[in-house]
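Content type mmCIF, C-alpha atoms and all ligand atoms, from the file entry10.cif:
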data_final
loop_
_atom_site.label_atom_id
_atom_site.label_comp_id
_atom_site.auth_asym_id
_atom_site.auth_seq_id
_atom_site.Cartn_x
_atom_site.Cartn_y
_atom_site.Cartn_z
CA MET A 275 104.64 131.07 109.97
CA SER A 276 104.81 128.36 107.29
CA ASN A 277 103.27 130.70 104.74
CA LEU A 278 106.16 133.12 105.31
CA ILE A 279 108.67 130.37 104.50
CA PHE A 280 106.74 128.66 101.68
CA ARG A 281 105.33 130.90 98.97
CA LYS A 282 102.85 128.39 97.47
CA ASP A 283 105.80 126.00 97.03
CA GLY A 284 105.70 124.04 100.32
CA THR A 285 104.58 120.73 98.80
CA ALA A 286 106.75 121.21 95.69
CA GLN A 287 109.72 121.59 98.05
CA GLY A 288 108.63 118.52 100.01
CA VAL A 289 108.82 116.30 96.91
CA ALA A 290 112.08 117.89 95.73
CA LYS A 291 113.52 117.11 99.18
CA GLN A 292 112.90 113.38 98.69
CA ARG A 293 114.53 113.54 95.26
CA LEU A 294 117.54 115.25 96.83
CA ILE A 295 117.76 112.54 99.53
CA GLU A 296 117.64 109.81 96.88
CA SER A 297 120.21 111.56 94.71
CA ILE A 298 122.85 111.49 97.46
CA ALA A 299 122.69 107.67 97.71
CA LYS A 300 125.56 105.77 96.08
CA PRO A 301 124.95 105.44 92.30
CA ASN A 302 124.45 101.64 92.55
CA LYS A 303 121.88 102.09 95.35
CA ARG A 304 119.67 104.84 94.00
CA VAL A 305 116.43 104.55 92.06
CA ILE A 306 116.44 108.05 90.54
CA TYR A 307 118.97 110.86 90.18
CA ASP A 308 118.02 114.53 90.30
CA PRO A 309 121.08 116.79 90.49
CA TYR A 310 118.87 119.91 90.50
CA ALA A 311 116.66 119.16 93.53
CA LYS A 312 119.26 120.74 95.81
CA TYR A 313 118.56 124.20 94.41
CA PHE A 314 114.98 124.22 95.71
CA VAL A 315 115.15 122.71 99.18
CA ILE A 316 115.57 124.75 102.36
CA GLY A 317 118.28 123.00 104.41
CA ALA A 318 119.74 121.12 101.42
CA SER A 319 123.27 121.39 102.86
CA ILE A 320 122.15 119.76 106.15
CA ILE A 321 120.55 116.90 104.21
CA LYS A 322 123.78 116.41 102.26
CA LEU A 323 125.73 116.39 105.52
CA LEU A 324 123.42 113.77 107.07
CA GLY A 325 123.64 111.59 103.96
CA HIS A 326 121.09 109.29 102.32
CA LYS A 327 120.72 106.57 104.96
CA ILE A 328 120.24 108.85 107.97
CA SER A 329 117.88 111.15 106.05
CA VAL A 330 115.70 108.19 104.99
CA TRP A 331 115.81 106.78 108.53
CA LEU A 332 114.69 110.13 109.98
CA GLY A 333 111.85 110.35 107.45
CA ASP A 334 110.76 106.81 108.30
CA LYS A 335 110.42 107.83 111.95
CA ILE A 336 107.70 110.23 110.82
CA VAL A 337 106.00 108.39 107.92
CA GLN A 338 107.46 105.00 107.08
CA GLY A 339 107.81 104.32 103.35
CA MET A 340 106.82 107.76 102.11
CA HIS A 341 110.30 108.42 100.72
CA GLU A 342 110.25 105.19 98.67
CA HIS A 343 106.69 105.90 97.53
CA LEU A 344 107.61 109.34 96.16
CA ILE A 345 110.80 108.07 94.55
CA CYS A 346 108.90 105.20 92.98
CA ARG A 347 106.41 107.70 91.52
CA THR A 348 109.26 109.77 90.08
CA ARG A 349 110.94 106.71 88.52
CA PHE A 350 107.67 105.37 87.10
CA ILE A 351 107.08 108.70 85.31
CA ASP A 352 110.74 109.01 84.23
CA ASP A 353 110.43 105.62 82.51
CA LEU A 354 107.12 106.56 80.91
CA ILE A 355 108.50 109.84 79.54
CA GLU A 356 111.68 108.26 78.17
CA GLU A 357 109.69 105.43 76.53
CA SER A 358 106.99 107.71 75.07
CA THR A 359 109.37 110.32 73.72
CA SER A 360 111.68 107.75 72.18
CA ALA A 361 108.57 106.25 70.53
CA GLY A 362 107.98 109.63 68.86
CA ILE A 363 105.68 111.71 71.10
CA GLU A 364 106.24 115.31 70.07
CA GLN A 365 105.10 117.48 73.01
CA TYR A 366 105.36 117.06 76.78
CA VAL A 367 103.11 119.05 79.13
CA ILE A 368 104.03 118.92 82.83
CA LEU A 369 100.93 119.96 84.75
CA GLY A 370 101.64 121.29 88.25
CA ALA A 371 105.36 120.96 87.47
CA GLY A 372 106.61 122.48 90.73
CA TYR A 373 110.34 121.72 90.98
CA ASP A 374 110.22 118.84 88.48
CA SER A 375 113.51 118.81 86.54
CA ARG A 376 112.79 116.07 84.00
CA ALA A 377 113.23 118.56 81.18
CA HIS A 378 116.87 118.91 82.24
CA ARG A 379 117.83 115.56 83.67
CA LEU A 380 116.28 112.95 81.32
CA LYS A 381 117.60 111.96 77.91
CA LEU A 382 114.94 113.52 75.73
CA PRO A 383 114.85 114.17 71.98
CA LEU A 384 116.11 117.69 71.19
CA LYS A 385 113.02 118.44 69.10
CA LEU A 386 110.62 117.62 71.97
CA LYS A 387 108.64 120.73 72.92
CA ILE A 388 108.11 120.95 76.69
CA PHE A 389 105.50 123.03 78.51
CA GLU A 390 105.81 123.45 82.26
CA VAL A 391 102.49 124.50 83.77
CA ASP A 392 102.12 125.78 87.34
CA GLN A 393 101.21 128.79 89.44
CA PRO A 394 103.25 131.84 88.30
CA GLU A 395 104.60 132.35 91.84
CA VAL A 396 106.12 128.85 91.94
CA GLN A 397 107.55 129.23 88.43
CA GLY A 398 109.11 132.56 89.44
CA ILE A 399 110.95 130.96 92.36
CA LYS A 400 112.01 128.01 90.18
CA LEU A 401 113.45 130.22 87.46
CA SER A 402 115.32 132.35 89.99
CA LYS A 403 117.01 129.23 91.41
CA LEU A 404 117.84 127.15 88.35
CA PRO A 405 121.42 127.59 87.06
CA LYS A 406 121.44 129.97 84.10
CA ASN A 407 123.40 127.58 81.87
CA ILE A 408 121.26 124.49 82.58
CA SER A 409 120.78 122.04 79.69
CA ASN A 410 117.66 122.16 77.50
CA ARG A 411 116.46 125.49 78.91
CA GLU A 412 115.60 126.76 75.44
CA ASN A 413 113.12 123.92 74.79
CA ILE A 414 110.89 124.75 77.76
CA ILE A 415 107.93 127.08 77.68
CA TYR A 416 106.62 128.17 81.10
CA VAL A 417 102.85 128.52 81.27
CA GLY A 418 101.44 130.22 84.38
CA ILE A 419 98.00 129.04 85.48
CA ASP A 420 95.57 128.50 88.32
CA PHE A 421 93.75 125.28 87.34
CA ASN A 422 90.77 126.38 89.42
CA HIS A 423 90.20 129.70 87.66
CA GLN A 424 91.83 129.64 84.24
CA SER A 425 91.45 127.66 81.04
CA LEU A 426 94.35 125.30 80.38
CA GLU A 427 93.38 125.09 76.72
CA GLU A 428 93.56 128.86 76.32
CA GLN A 429 96.84 129.22 78.20
CA LEU A 430 98.54 126.38 76.31
CA LEU A 431 97.39 127.60 72.89
CA LYS A 432 98.59 131.14 73.72
CA ALA A 433 101.98 129.62 74.64
CA GLY A 434 102.36 127.86 71.27
CA PHE A 435 100.93 124.38 71.93
CA ASP A 436 100.38 122.60 68.59
CA LYS A 437 97.05 120.74 68.42
CA SER A 438 98.26 118.57 65.54
CA LYS A 439 101.16 117.10 67.53
CA SER A 440 101.08 114.00 69.73
CA THR A 441 101.37 114.89 73.41
CA ILE A 442 102.11 113.34 76.77
CA TYR A 443 100.74 115.01 79.90
CA THR A 444 101.78 114.33 83.49
CA LEU A 445 99.83 115.39 86.59
CA GLU A 446 102.12 114.20 89.37
CA GLY A 447 101.11 114.82 92.98
CA VAL A 448 98.52 117.45 92.05
CA SER A 449 94.98 115.93 91.93
CA GLN A 450 94.64 115.91 95.73
CA TYR A 451 95.11 119.72 95.84
CA ILE A 452 92.46 120.72 93.31
CA PRO A 453 88.66 120.27 93.41
CA LYS A 454 87.26 117.30 91.47
CA GLU A 455 85.54 119.74 89.08
CA SER A 456 88.94 121.23 88.18
CA LEU A 457 90.40 117.81 87.34
CA ASP A 458 87.34 116.99 85.23
CA LEU A 459 87.62 120.31 83.41
CA THR A 460 91.36 119.85 82.88
CA LEU A 461 90.78 116.40 81.32
CA LYS A 462 88.04 117.82 79.08
CA GLU A 463 90.42 120.53 77.89
CA LEU A 464 93.19 117.99 77.19
CA ALA A 465 90.77 115.87 75.16
CA LYS A 466 89.83 118.95 73.11
CA LEU A 467 93.47 119.97 72.61
CA ASN A 468 94.27 116.54 71.12
CA SER A 469 90.96 115.74 69.44
CA ASN A 470 92.87 115.15 66.19
CA SER A 471 96.16 113.84 67.56
CA ASN A 472 97.39 111.15 69.94
CA SER A 473 97.74 111.83 73.63
CA LYS A 474 98.73 109.97 76.75
CA ILE A 475 98.41 110.99 80.37
CA PHE A 476 99.87 110.11 83.75
CA ILE A 477 97.79 111.01 86.82
CA SER A 478 98.45 110.23 90.45
CA TYR A 479 95.50 110.17 92.84
CA VAL A 480 95.00 109.61 96.57
CA ASN A 481 92.87 106.59 97.47
CA LYS A 482 89.59 107.73 99.04
CA LEU A 483 89.85 104.80 101.50
CA LEU A 484 92.17 107.04 103.54
CA LEU A 485 88.98 108.39 105.10
CA GLN A 486 87.25 105.09 105.94
CA ASP A 487 89.82 102.29 106.03
CA SER A 488 93.32 103.72 106.46
CA LYS A 489 94.86 100.23 106.80
CA ALA A 490 93.97 99.49 103.17
CA CYS A 491 96.32 102.30 102.07
CA PHE A 492 99.44 100.59 103.49
CA GLY A 493 101.06 97.13 103.55
CA ILE A 494 99.82 94.48 105.99
CA GLY A 495 101.29 95.14 109.44
CA TYR A 496 102.05 98.85 108.81
CA LEU A 497 102.27 100.55 112.21
CA LYS A 498 99.81 103.35 113.01
CA PRO A 499 98.40 104.11 109.53
CA GLU A 500 95.99 106.74 110.93
CA LYS A 501 98.93 108.64 112.43
CA ALA A 502 100.77 108.63 109.08
CA ILE A 503 97.71 109.98 107.25
CA LYS A 504 97.15 112.65 109.90
CA PHE A 505 100.77 113.79 109.69
CA ILE A 506 100.69 114.12 105.90
CA THR A 507 97.31 115.83 105.64
CA ASN A 508 98.05 118.21 108.54
CA GLY A 509 101.46 119.03 107.04
CA ALA A 510 99.95 119.91 103.64
CA ALA A 511 97.25 122.06 105.28
CA LYS A 512 99.86 123.87 107.40
CA VAL A 513 101.78 125.02 104.31
CA GLY A 514 98.49 126.31 102.85
CA GLU A 515 97.98 123.42 100.37
CA PRO A 516 95.36 121.11 101.95
CA TRP A 517 94.44 117.75 100.43
CA ILE A 518 90.84 118.10 99.31
CA SER A 519 90.15 115.46 96.63
CA PHE A 520 90.33 111.67 96.89
CA TYR A 521 89.23 108.99 94.42
CA SER A 522 88.42 105.30 94.11
CA ALA A 523 89.89 103.31 91.20
CA GLU A 524 86.40 103.09 89.64
CA GLU A 525 85.90 106.84 89.91
CA ILE A 526 89.21 107.59 88.18
CA GLN A 527 88.51 105.08 85.43
CA LYS A 528 85.07 106.63 84.85
CA LEU A 529 86.44 110.19 84.87
CA LEU A 530 89.07 109.21 82.30
CA SER A 531 86.70 107.33 80.01
CA GLN A 532 84.10 110.14 80.14
CA ASN A 533 86.83 112.43 78.85
CA GLY A 534 88.08 110.16 76.07
CA PHE A 535 90.90 108.24 77.79
CA ASN A 536 91.39 104.48 78.28
CA LEU A 537 93.04 103.51 81.55
CA ILE A 538 96.06 101.31 80.77
CA GLU A 539 97.78 100.91 84.16
CA ASN A 540 96.94 101.62 87.80
CA LYS A 541 99.91 100.88 90.10
CA THR A 542 101.25 101.59 93.57
CA LEU A 543 104.59 101.13 95.28
CA ALA A 544 103.44 97.59 96.19
CA ASP A 545 103.33 96.66 92.47
CA LEU A 546 106.64 98.33 91.59
CA ASN A 547 108.72 97.30 94.62
CA SER A 548 110.45 94.35 92.95
CA LYS A 549 110.97 96.25 89.68
CA TYR A 550 112.66 99.32 91.19
CA PHE A 551 113.90 98.51 94.70
CA ALA A 552 115.02 94.86 94.44
CA PRO A 553 117.72 95.59 91.77
CA VAL A 554 119.40 98.11 94.13
CA GLY A 555 119.15 95.76 97.15
CA ARG A 556 116.45 97.81 98.87
CA MET A 557 113.32 95.64 98.56
CA ILE A 558 110.74 97.18 100.91
CA PRO A 559 109.16 94.84 103.47
CA GLU A 560 105.36 94.49 103.30
CA GLU A 561 104.86 96.22 106.67
CA HIS A 562 106.66 99.34 105.39
CA ILE A 563 104.70 99.70 102.16
CA PHE A 564 103.02 103.08 101.59
CA LYS A 565 100.37 102.81 98.87
CA LEU A 566 98.05 105.68 99.70
CA GLU A 567 98.58 107.24 96.28
CA HIS A 568 98.10 105.46 92.92
CA PHE A 569 99.88 105.96 89.61
CA VAL A 570 97.70 105.83 86.50
CA ILE A 571 98.53 105.83 82.79
CA ALA A 572 95.81 106.37 80.21
CA ASP A 573 95.81 106.70 76.43
CA SER A 574 93.44 108.88 74.46
CA ILE A 575 90.82 106.81 72.67
CA ASN A 576 92.29 107.84 69.29
CA PHE A 577 95.79 106.73 70.42
CA SER A 578 97.52 104.61 67.78
C1 LIG B 1 103.10 118.35 95.50
S1 LIG B 1 103.56 119.56 94.34
C2 LIG B 1 104.07 118.49 93.01
C3 LIG B 1 105.08 119.14 92.13
C4 LIG B 1 105.66 118.24 91.04
N1 LIG B 1 104.62 117.73 90.18
C5 LIG B 1 106.47 117.12 91.66
O1 LIG B 1 105.94 116.01 91.77
O2 LIG B 1 107.60 117.37 92.04
C6 LIG B 1 101.98 120.18 93.76
C7 LIG B 1 102.12 121.21 92.64
O3 LIG B 1 100.82 121.53 92.15
C8 LIG B 1 100.74 122.93 91.92
N2 LIG B 1 99.34 123.35 92.07
C9 LIG B 1 98.50 123.11 93.10
N3 LIG B 1 97.31 123.69 92.90
C10 LIG B 1 97.40 124.34 91.70
C11 LIG B 1 96.49 125.13 90.94
N4 LIG B 1 95.27 125.40 91.38
N5 LIG B 1 96.91 125.61 89.75
C12 LIG B 1 98.17 125.35 89.29
N6 LIG B 1 99.07 124.60 89.96
C13 LIG B 1 98.68 124.11 91.16
C14 LIG B 1 101.60 123.52 93.02
O4 LIG B 1 102.04 124.83 92.73
C15 LIG B 1 102.75 122.52 93.10
O5 LIG B 1 103.83 122.85 92.28
#

Re-express the file's structure as structure tokens.
Amino acid sequence: MSNLIFRKDGTAQGVAKQRLIESIAKPNKRVIYDPYAKYFVIGASIIKLLGHKISVWLGDKIVQGMHEHLICRTRFIDDLIEESTSAGIEQYVILGAGYDSRAHRLKLPLKLKIFEVDQPEVQGIKLSKLPKNISNRENIIYVGIDFNHQSLEEQLLKAGFDKSKSTIYTLEGVSQYIPKESLDLTLKELAKLNSNSNSKIFISYVNKLLLQDSKACFGIGYLKPEKAIKFITNGAAKVGEPWISFYSAEEIQKLLSQNGFNLIENKTLADLNSKYFAPVGRMIPEEHIFKLEHFVIADSINFS
């Protein structure tokens, strides 16, 4: 039944739903703001009716801390994109963009060229739902791809990617859905695309300890970590997008360095809690911390 409701966009909707929930918090209480998430989420009006607090509380009954984890990931990337583009990065490639609306909601330089890369089916739904007069629409190029069967390099070059320009790539909430070989190939293609220009990348990855030591993926005292993992992995599989690839920190570092990138940061919600949640009076207690997924920033070796 799920596949009749979600046309390859089940997990993209899931993340957009958390952005919608965060966006209905009072301005002085929220960590991110995404006014466009509402266009993509089934039941958006019910969420708005319930409000931020009740929606987060209901989510916590199912998987404690997942909302804050996803919002933290969004904010971490928002900051990275605003910093990198204001420092002069010229192109932004959003890999597995789903219902990401950074191109519209962040303050970005007008001359920044943005490529949104995802499955054509998901892009079709996105374009049919975005308001026609949305800001910055003209600066976005949509590139349809299946990472597992098509060359990213080829598709980007066909779409007008400029190899001489500095580029930031983000791969947010995607690596768990594609085989390890596809991630390796994607990184190789990125390195080739920017062999003569600077590049930077954000990648999130799921900690492979989820299979052997689930407790290590949450804060001390987190209740029923195995149940949380089962709920998330079963949910993704049910919408036809199973989690198939998990990594250790060493594996990610090696994969990046083999493809010409230096790992600069590897963070989780636990590291960013006081930076993002304390200022809005929502510091997350240790026993509610969800740190199953890591956030990594790497620079290309020729980055200057
Ligand atoms: C969990 S969603 C994340 C969406 C977005 N990055 C965000 O965080 O809101 C995963 C995204 O990866 C895309 N994706 C998964 N496998 C893919 C593949 N083989 N080729 C292209 N895109 C893929 C999906 O279509 C979906 O939009």

Please write out, as lines of an AutoDock Vina configuration file, where the centre of an axis-aligned box around all listed atoms of ligand LIG 1 (chain B) lies and how long its edges are, in Å to one decimal, after adding 4 Å on each side.
center_x = 101.4
center_y = 120.8
center_z = 92.4
size_x = 20.3
size_y = 17.6
size_z = 14.2

**Message:** Which residues are close to stretch 337-342 of chain A, i.e. within 8 Å by all atoms listed in the file, leaving aside same-chain residues fewer than 3 positions away? Reply as a list in words.
**Reply:**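 In the requested form, the answer reads Gln292, Val330, Gly333, Asp334, Ile345, Cys346, Ala502, Phe505, Leu543, His562, Ile563 and Phe564 of chain A.
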
**Item:** Near-ligand residues for ligand LIG 1 (chain B), threshold 9 Å, all atoms listed in the file, as an MDAnalysis selection string
**Value:** chainID A and resid 282:290 293 344 347:348 368:375 391:397 418:424 444:453 456 510 515

**Request:** Find the residue from A:Ile328, A:Ile298, A:Ala465, A:Ile538 that sits nearest to A:Lys437; use all atoms listed in the file when measuring.
**Result:**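 That would be A:Ala465, the residue with the smallest distance to A:Lys437.
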
**Request:** Excluding A:Tyr550 and residues on its chain fewer than 5 positions from it, collect all residues at most 12 Å away from it, counting only C-alpha atoms, and give them as a ChimeraX atom specification.
**Result:** /A:303-306,342-343,345-350,353,542-545,555-558

Grab the residues selected above and save them as a CSV table (one decimal), in the coordinates of the input with C-alpha atoms.
chain,number,residue,atom,x,y,z
A,303,LYS,CA,121.9,102.1,95.4
A,304,ARG,CA,119.7,104.8,94.0
A,305,VAL,CA,116.4,104.6,92.1
A,306,ILE,CA,116.4,108.0,90.5
A,342,GLU,CA,110.2,105.2,98.7
A,343,HIS,CA,106.7,105.9,97.5
A,345,ILE,CA,110.8,108.1,94.6
A,346,CYS,CA,108.9,105.2,93.0
A,347,ARG,CA,106.4,107.7,91.5
A,348,THR,CA,109.3,109.8,90.1
A,349,ARG,CA,110.9,106.7,88.5
A,350,PHE,CA,107.7,105.4,87.1
A,353,ASP,CA,110.4,105.6,82.5
A,542,THR,CA,101.2,101.6,93.6
A,543,LEU,CA,104.6,101.1,95.3
A,544,ALA,CA,103.4,97.6,96.2
A,545,ASP,CA,103.3,96.7,92.5
A,555,GLY,CA,119.2,95.8,97.2
A,556,ARG,CA,116.4,97.8,98.9
A,557,MET,CA,113.3,95.6,98.6
A,558,ILE,CA,110.7,97.2,100.9

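Proximity ranking of A:Asn508, A:Gln429, A:Asp573, A:Tyr366 relative to A:Ser531 places A:Asp573 first, based on only C-alpha atoms.
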
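Across the model, the gap from atom CA of A:Gly495 to atom CA of A:Pro553 is 24.1 Å.
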
**Request:** State, in Å with one decimal place, the distance from atom CA of A:Lys565 to atom CA of A:Val480.
**Result:**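 Distance reported for this atom pair: 9.0 Å.
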
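Nearest to A:Lys482 of all the residues A:Val554, A:Leu566, A:Leu426, A:Leu497 is A:Leu566, counting all atoms listed in the file.
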
**Item:** Within 9 Å of file point (114.7, 112.9, 71.1), counting only C-alpha atoms, expressed as a list of chain:residue names
**Value:** A:Glu356, A:Thr359, A:Ser360, A:Gly362, A:Glu364, A:Lys381, A:Leu382, A:Pro383, A:Leu384, A:Lys385, A:Leu386

**Request:** Please return, as a ChimeraX atom specification, all polymer residues that have at least one atom within 9 Å of the point (94.0, 101.6, 85.0); use all atoms listed in the file and the file's own coordinate frame.
**Result:** /A:523,526-527,536-541,569-572

Please write the residues from the selection above to a file, keeping C-alpha atoms, as an mmCIF file, in the coordinates of the input.
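See part.cif below for the written result:
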data_model
loop_
_atom_site.group_PDB
_atom_site.id
_atom_site.type_symbol
_atom_site.label_atom_id
_atom_site.label_comp_id
_atom_site.auth_asym_id
_atom_site.auth_seq_id
_atom_site.Cartn_x
_atom_site.Cartn_y
_atom_site.Cartn_z
ATOM 1 C CA ALA A 523 89.890 103.310 91.200
ATOM 2 C CA ILE A 526 89.210 107.590 88.180
ATOM 3 C CA GLN A 527 88.510 105.080 85.430
ATOM 4 C CA ASN A 536 91.390 104.480 78.280
ATOM 5 C CA LEU A 537 93.040 103.510 81.550
ATOM 6 C CA ILE A 538 96.060 101.310 80.770
ATOM 7 C CA GLU A 539 97.780 100.910 84.160
ATOM 8 C CA ASN A 540 96.940 101.620 87.800
ATOM 9 C CA LYS A 541 99.910 100.880 90.100
ATOM 10 C CA PHE A 569 99.880 105.960 89.610
ATOM 11 C CA VAL A 570 97.700 105.830 86.500
ATOM 12 C CA ILE A 571 98.530 105.830 82.790
ATOM 13 C CA ALA A 572 95.810 106.370 80.210
#

**Request:** May I have the residues within 9 Å of A:Pro499 as a list in words, using all atoms listed in the file and disregarding those fewer than 5 positions away in the same chain?
**Result:**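 Here the qualifying residues turn out to be Val337, Ser488, Lys489, Cys491, Phe492 and Lys504 of chain A.
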
**Asked** Expressed in Å to a single decimal, how great is the separation between atom CA of A:Ser358 and atom CA of A:Tyr479?
**Response**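 Result for atom CA of A:Ser358 versus atom CA of A:Tyr479: 21.3 Å, one decimal.
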
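Excluding A:His378 itself and any same-chain residue fewer than 6 positions from it, the protein and nucleic acid residues within 12 Å of it, counting all atoms listed in the file, are Tyr307, Asp308, Pro309, Tyr310, Ala311, Asp352, Leu384, Ile388, Glu390, Leu404, Pro405, Asn407, Ile408, Ser409, Asn410, Arg411, Glu412, Asn413 and Ile414 of chain A.
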
Restricting the output to C-alpha atoms, write the selected residues as a PDB file, keeping the file's coordinate frame.
ATOM      1  CA  TYR A 307     118.970 110.860  90.180  1.00  0.00           C
ATOM      2  CA  ASP A 308     118.020 114.530  90.300  1.00  0.00           C
ATOM      3  CA  PRO A 309     121.080 116.790  90.490  1.00  0.00           C
ATOM      4  CA  TYR A 310     118.870 119.910  90.500  1.00  0.00           C
ATOM      5  CA  ALA A 311     116.660 119.160  93.530  1.00  0.00           C
ATOM      6  CA  ASP A 352     110.740 109.010  84.230  1.00  0.00           C
ATOM      7  CA  LEU A 384     116.110 117.690  71.190  1.00  0.00           C
ATOM      8  CA  ILE A 388     108.110 120.950  76.690  1.00  0.00           C
ATOM      9  CA  GLU A 390     105.810 123.450  82.260  1.00  0.00           C
ATOM     10  CA  LEU A 404     117.840 127.150  88.350  1.00  0.00           C
ATOM     11  CA  PRO A 405     121.420 127.590  87.060  1.00  0.00           C
ATOM     12  CA  ASN A 407     123.400 127.580  81.870  1.00  0.00           C
ATOM     13  CA  ILE A 408     121.260 124.490  82.580  1.00  0.00           C
ATOM     14  CA  SER A 409     120.780 122.040  79.690  1.00  0.00           C
ATOM     15  CA  ASN A 410     117.660 122.160  77.500  1.00  0.00           C
ATOM     16  CA  ARG A 411     116.460 125.490  78.910  1.00  0.00           C
ATOM     17  CA  GLU A 412     115.600 126.760  75.440  1.00  0.00           C
ATOM     18  CA  ASN A 413     113.120 123.920  74.790  1.00  0.00           C
ATOM     19  CA  ILE A 414     110.890 124.750  77.760  1.00  0.00           C
TER      20      ILE A 414
END

**Asked** In terms of the shortest atom-to-atom distance over all atoms listed in the file, which of A:Leu324, A:Val367, A:Leu461, A:Leu484 is closest to A:Ser574?
**Response**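 Closest candidate: A:Leu461.
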
**Request:** Choose the residue, out of A:Phe551, A:Glu560, A:Leu457, A:Lys474, that has the smallest atom-to-atom separation from A:Ile494; count only C-alpha atoms.
**Result:**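 With only C-alpha atoms as the atom set, the closest residue is A:Glu560.
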
**Request:** Would you mind telling me which residue in A:Ile336, A:Leu546, A:Ile475, A:Leu483 lies nearest to A:Lys501 when using only C-alpha atoms?
**Result:**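 Of the candidates, the smallest distance to A:Lys501 is held by A:Ile336.
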
Could you rebuild stretch 410-428 of chain A with N, CA and C atoms and give me the result as a PDB file, keeping the file's coordinate frame?
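What follows is the written file result-v9.pdb:
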ATOM      1  N   ASN A 410     119.012 122.229  78.063  1.00  0.00           N
ATOM      2  CA  ASN A 410     117.660 122.160  77.500  1.00  0.00           C
ATOM      3  C   ASN A 410     116.751 123.311  77.897  1.00  0.00           C
ATOM      4  N   ARG A 411     117.304 124.369  78.463  1.00  0.00           N
ATOM      5  CA  ARG A 411     116.460 125.490  78.910  1.00  0.00           C
ATOM      6  C   ARG A 411     115.633 126.081  77.763  1.00  0.00           C
ATOM      7  N   GLU A 412     116.248 126.112  76.572  1.00  0.00           N
ATOM      8  CA  GLU A 412     115.600 126.760  75.440  1.00  0.00           C
ATOM      9  C   GLU A 412     114.380 125.998  74.909  1.00  0.00           C
ATOM     10  N   ASN A 413     114.262 124.703  75.289  1.00  0.00           N
ATOM     11  CA  ASN A 413     113.120 123.920  74.790  1.00  0.00           C
ATOM     12  C   ASN A 413     111.908 123.965  75.701  1.00  0.00           C
ATOM     13  N   ILE A 414     111.993 124.735  76.794  1.00  0.00           N
ATOM     14  CA  ILE A 414     110.890 124.750  77.760  1.00  0.00           C
ATOM     15  C   ILE A 414     110.111 126.054  77.669  1.00  0.00           C
ATOM     16  N   ILE A 415     108.786 125.896  77.639  1.00  0.00           N
ATOM     17  CA  ILE A 415     107.930 127.080  77.680  1.00  0.00           C
ATOM     18  C   ILE A 415     107.194 127.035  79.009  1.00  0.00           C
ATOM     19  N   TYR A 416     107.283 128.106  79.783  1.00  0.00           N
ATOM     20  CA  TYR A 416     106.620 128.170  81.100  1.00  0.00           C
ATOM     21  C   TYR A 416     105.238 128.786  80.925  1.00  0.00           C
ATOM     22  N   VAL A 417     104.230 128.051  81.409  1.00  0.00           N
ATOM     23  CA  VAL A 417     102.850 128.520  81.270  1.00  0.00           C
ATOM     24  C   VAL A 417     102.271 128.700  82.677  1.00  0.00           C
ATOM     25  N   GLY A 418     101.995 129.941  83.042  1.00  0.00           N
ATOM     26  CA  GLY A 418     101.440 130.220  84.380  1.00  0.00           C
ATOM     27  C   GLY A 418      99.938 129.976  84.373  1.00  0.00           C
ATOM     28  N   ILE A 419      99.446 129.330  85.424  1.00  0.00           N
ATOM     29  CA  ILE A 419      98.000 129.040  85.480  1.00  0.00           C
ATOM     30  C   ILE A 419      97.531 128.796  86.907  1.00  0.00           C
ATOM     31  N   ASP A 420      96.246 129.055  87.147  1.00  0.00           N
ATOM     32  CA  ASP A 420      95.570 128.500  88.320  1.00  0.00           C
ATOM     33  C   ASP A 420      94.503 127.583  87.746  1.00  0.00           C
ATOM     34  N   PHE A 421      94.684 126.255  87.930  1.00  0.00           N
ATOM     35  CA  PHE A 421      93.750 125.280  87.340  1.00  0.00           C
ATOM     36  C   PHE A 421      92.295 125.560  87.747  1.00  0.00           C
ATOM     37  N   ASN A 422      92.128 126.196  88.906  1.00  0.00           N
ATOM     38  CA  ASN A 422      90.770 126.380  89.420  1.00  0.00           C
ATOM     39  C   ASN A 422      90.059 127.593  88.799  1.00  0.00           C
ATOM     40  N   HIS A 423      90.834 128.467  88.154  1.00  0.00           N
ATOM     41  CA  HIS A 423      90.200 129.700  87.660  1.00  0.00           C
ATOM     42  C   HIS A 423      90.540 130.034  86.223  1.00  0.00           C
ATOM     43  N   GLN A 424      91.443 129.276  85.601  1.00  0.00           N
ATOM     44  CA  GLN A 424      91.830 129.640  84.240  1.00  0.00           C
ATOM     45  C   GLN A 424      91.725 128.452  83.298  1.00  0.00           C
ATOM     46  N   SER A 425      91.577 128.741  82.014  1.00  0.00           N
ATOM     47  CA  SER A 425      91.450 127.660  81.040  1.00  0.00           C
ATOM     48  C   SER A 425      92.835 127.193  80.585  1.00  0.00           C
ATOM     49  N   LEU A 426      93.073 125.897  80.783  1.00  0.00           N
ATOM     50  CA  LEU A 426      94.350 125.300  80.380  1.00  0.00           C
ATOM     51  C   LEU A 426      94.493 125.363  78.864  1.00  0.00           C
ATOM     52  N   GLU A 427      93.365 125.085  78.190  1.00  0.00           N
ATOM     53  CA  GLU A 427      93.380 125.090  76.720  1.00  0.00           C
ATOM     54  C   GLU A 427      93.844 126.461  76.213  1.00  0.00           C
ATOM     55  N   GLU A 428      93.221 127.497  76.754  1.00  0.00           N
ATOM     56  CA  GLU A 428      93.560 128.860  76.320  1.00  0.00           C
ATOM     57  C   GLU A 428      95.030 129.180  76.592  1.00  0.00           C
TER      58      GLU A 428
END
